[in-house]
Amino acid sequence: MNLVEMTDSEFVKFRDLIYRVSGIRIAENKRVLVSNRVRRRLKATGIAGYSEYFDFLRSPAGAAEMQPFLDVVTTNETYFYRDAAHYEWLGGDFLDGRMADAAARRRPRALRFWSAACSTGEEPYSIALKVAARRRELAGWRIEIVGTDLSSAVLTAARAAAYDERSLHRVGPEERRTCFDEAPPGRWTLKPEIRSMVTLRPHNLLKPMGGEPFDCIFLKNVLIYFDALSKKKVVDVVLAALAPGGSLVVGPTEGIHGMLGSLDKVKPWLYRKGG
Ligand SMILES: C[S@@+](CC[C@H](N)C(=O)[O-])C[C@H]1O[C@@H](n2cnc3c(N)ncnc32)[C@H](O)[C@@H]1O
């Protein structure tokens, strides 16, 4: 199959569809990028052209194709301990504060974390490693770490929890030795006791999260391509999911600082809900 790039009018249709389903606003100059990514699905499905593929995607028969389509159009770059300061705070001040509150009976011995666009799992597993590092002091606590993403392909990779050097460059030798198994050389799989601390499930950030509120939410490196309307929708979802007194960790590119006025700003990337 020798496929050309999508036409401008096909690009507009795909851009609108991606925006409606995910909130991601693809820039007008990204036609070649979108062509290349969607071409992978044309090859996989054997559909001859972009317009036919678009029609298939929107038809009842193509409902199951939406997920692999979203898998190719999302950007999933991530690694362990991205933004080191966030994890130093989590493993230090945040856990210290919560343990002090529990000791003074101001709060239960329970913590819920949400990694709200977790990609291939490095973010929720970095949270798990920081919690595990203090496991003796946290003995008897109920701790839940939930990782969610729109793309099912990244969640499958997250469940396998096997990483290469690119993902692990911030993980030191001691932590690699105690928390990962290396086999074959250069491929590191998280030990089951760390993996089992994290629950992974699909979730679209434009939809309510439901369930019990979270004490700490990581919302990082996902909203860069969202427009103001979609950012606002996500912010409403995240604020509704944040427990009173809970902390929100925001990535450097989210562009939502002006929408977080109801929270207390603790650091440029850290917000706290009153209560
Ligand atoms: C660049 S990764 C960020 C991963 C991690 N949070 C980090 O900072 O390293 C962005 C992730 O957001 C996900 N994503 C994009 N739109 C989403 C949506 N509407 N709901 C949930 N996840 C979404 C993508 O599938 C991708 O895995």
# chains A, B, ... in the order shown; residues from 1 in each chain; ligands from 1
>>> closest_atom_pairs(of="range 92-175 of chain A", to="range 235-240 of chain A", cutoff="12 Å", atoms="only C-alpha atoms", output="tab-separated table")
residue	atom	partner	partner_atom	distance
A:Trp114	CA	A:Val238	CA	9.6
A:Ser115	CA	A:Val238	CA	10.8
A:Ala116	CA	A:Val238	CA	8.4
A:Ala117	CA	A:Val238	CA	11.4
>>> residues_around(residues="Leu200 in chain A", least_positions_apart="3", cutoff="9 Å", atoms="only C-alpha atoms", output="number ranges by chain")
A: 118, 121, 124, 145-149, 155, 158-159
>>> residues_near_ligand(ligand="ligand 1", cutoff="7 Å", atoms="only C-alpha atoms and all ligand atoms", output="ChimeraX atom specification")
/A:22-24,71,74-79,82,115-120,123,148-151,154,203-206,219-222,251
>>> select_by_dssp(residues="range 169-221 of chain A", states="helix (DSSP H, G or I)", output="ChimeraX atom specification")
/A:173-179,192-195
>>> write_last_selection(atoms="all heavy atoms", output="CSV table (one decimal), in the first residue's frame")
chain,number,residue,atom,x,y,z
A,173,PRO,N,21.2,3.1,41.6
A,173,PRO,CA,21.6,1.6,41.7
A,173,PRO,C,20.9,0.9,42.8
A,173,PRO,O,20.5,-0.3,42.6
A,173,PRO,CB,23.1,1.6,41.8
A,173,PRO,CG,23.5,3.0,42.0
A,173,PRO,CD,22.4,4.0,41.7
A,174,GLU,N,20.9,1.5,44.0
A,174,GLU,CA,20.3,0.8,45.1
A,174,GLU,C,18.8,0.5,44.9
A,174,GLU,O,18.3,-0.6,45.1
A,174,GLU,CB,20.5,1.7,46.4
A,174,GLU,CG,19.9,1.1,47.7
A,174,GLU,CD,20.5,-0.2,48.1
A,174,GLU,OE1,21.6,-0.6,47.5
A,174,GLU,OE2,19.9,-0.9,49.0
A,175,GLU,N,18.1,1.5,44.4
A,175,GLU,CA,16.7,1.3,44.1
A,175,GLU,C,16.4,0.3,43.0
A,175,GLU,O,15.5,-0.6,43.0
A,175,GLU,CB,16.0,2.6,43.8
A,175,GLU,CG,14.5,2.6,44.0
A,175,GLU,CD,13.9,4.0,44.2
A,175,GLU,OE1,14.3,4.9,43.4
A,175,GLU,OE2,13.2,4.2,45.2
A,176,ARG,N,17.3,0.3,42.0
A,176,ARG,CA,17.2,-0.7,40.9
A,176,ARG,C,17.4,-2.1,41.5
A,176,ARG,O,16.7,-3.1,41.1
A,176,ARG,CB,18.3,-0.5,39.9
A,176,ARG,CG,18.1,0.8,39.1
A,176,ARG,CD,19.1,0.9,37.9
A,176,ARG,NE,19.0,2.2,37.3
A,176,ARG,CZ,19.3,2.4,36.0
A,176,ARG,NH1,19.7,1.5,35.3
A,176,ARG,NH2,19.2,3.7,35.6
A,177,ARG,N,18.4,-2.2,42.4
A,177,ARG,CA,18.7,-3.6,42.9
A,177,ARG,C,17.6,-4.1,43.8
A,177,ARG,O,17.2,-5.3,43.7
A,177,ARG,CB,20.0,-3.5,43.7
A,177,ARG,CG,20.7,-4.8,44.1
A,177,ARG,CD,21.9,-4.5,44.9
A,177,ARG,NE,21.7,-3.8,46.2
A,177,ARG,CZ,21.1,-4.3,47.3
A,177,ARG,NH1,20.7,-5.6,47.3
A,177,ARG,NH2,20.8,-3.6,48.3
A,178,THR,N,17.0,-3.2,44.6
A,178,THR,CA,16.0,-3.7,45.6
A,178,THR,C,14.6,-3.8,45.0
A,178,THR,O,13.7,-4.6,45.5
A,178,THR,CB,16.0,-2.8,46.8
A,178,THR,OG1,15.8,-1.5,46.4
A,178,THR,CG2,17.2,-3.0,47.6
A,179,CYS,N,14.3,-3.0,44.0
A,179,CYS,CA,12.9,-2.9,43.5
A,179,CYS,C,12.6,-3.4,42.1
A,179,CYS,O,11.5,-3.4,41.7
A,179,CYS,CB,12.4,-1.4,43.6
A,179,CYS,SG,12.5,-0.8,45.3
A,192,PRO,N,7.1,-7.6,41.9
A,192,PRO,CA,5.6,-7.7,42.1
A,192,PRO,C,5.1,-6.9,43.3
A,192,PRO,O,4.0,-6.3,43.2
A,192,PRO,CB,5.3,-9.2,42.3
A,192,PRO,CG,6.5,-9.8,41.7
A,192,PRO,CD,7.7,-8.9,41.8
A,193,GLU,N,5.9,-6.8,44.4
A,193,GLU,CA,5.4,-6.0,45.6
A,193,GLU,C,5.2,-4.6,45.3
A,193,GLU,O,4.4,-3.9,45.9
A,193,GLU,CB,6.2,-6.3,46.8
A,193,GLU,CG,7.7,-5.9,46.7
A,193,GLU,CD,8.6,-7.1,46.3
A,193,GLU,OE1,8.1,-8.0,45.5
A,193,GLU,OE2,9.8,-7.2,46.7
A,194,ILE,N,6.0,-4.0,44.4
A,194,ILE,CA,5.8,-2.6,44.0
A,194,ILE,C,4.7,-2.5,43.0
A,194,ILE,O,3.8,-1.6,43.1
A,194,ILE,CB,7.1,-2.0,43.4
A,194,ILE,CG1,8.3,-2.1,44.3
A,194,ILE,CG2,6.9,-0.5,43.1
A,194,ILE,CD1,8.3,-1.3,45.6
A,195,ARG,N,4.7,-3.4,42.0
A,195,ARG,CA,3.6,-3.3,41.0
A,195,ARG,C,2.2,-3.4,41.6
A,195,ARG,O,1.3,-2.7,41.2
A,195,ARG,CB,3.8,-4.5,40.1
A,195,ARG,CG,4.0,-4.1,38.6
A,195,ARG,CD,4.1,-5.3,37.7
A,195,ARG,NE,5.2,-6.2,38.1
A,195,ARG,CZ,5.3,-7.4,37.6
A,195,ARG,NH1,4.4,-8.0,36.9
A,195,ARG,NH2,6.4,-8.2,37.9
>>> residues_around(residues="Cys216 in chain A", least_positions_apart="4", cutoff="9 Å", atoms="only C-alpha atoms", output="number ranges by chain")
A: 111-115, 242-243, 246-249
>>> select_by_dssp(residues="range 93-264 of chain A", states="strand (DSSP E or B)", output="JSON, numbers by chain")
{"A": [110, 111, 112, 113, 114, 115, 142, 143, 144, 145, 146, 147, 148, 149, 162, 163, 180, 181, 182, 188, 189, 190, 198, 199, 200, 201, 202, 214, 215, 216, 217, 218, 219, 226, 242, 243, 244, 245, 246, 247, 248, 249, 250, 264]}
>>> closest_residue(among="A:Ala85, A:Ala139, A:Val32, A:Ala102", to="Pro268 in chain A", atoms="only C-alpha atoms")
A:Ala85
>>> atom_distance(atom1="CA of Pro60 in chain A", atom2="CA of Lys30 in chain A")
28.1 Å
>>> residues_around(residues="range 36-38 of chain A", least_positions_apart="2", cutoff="10 Å", atoms="only C-alpha atoms", output="list in words")
Leu3, Val4, Glu5, Met6, Phe14, Arg31, Val32, Leu33, Val34, Arg40, Arg41, Leu42, Lys43, Ala44, Tyr50, Tyr53, Phe54, Pro68, Phe69, Leu70, Asp71, Val72, Val73 and Thr74 of chain A
>>> atom_distance(atom1="CA of Lys232 in chain A", atom2="CA of Phe218 in chain A")
16.3 Å
>>> atom_distance(atom1="CA of Val198 in chain A", atom2="CA of Arg136 in chain A")
18.4 Å
>>> closest_residue(among="A:Arg106, A:Ser152, A:Asp96, A:Val250", to="Lys265 in chain A", atoms="only C-alpha atoms")
A:Val250
>>> closest_residue(among="A:Ala128, A:Asp215, A:Leu57, A:Glu137", to="Thr45 in chain A", atoms="only C-alpha atoms")
A:Leu57
>>> closest_residue(among="A:Asp264, A:Asp55, A:Glu254, A:Glu144", to="Ile224 in chain A", atoms="only C-alpha atoms")
A:Glu254
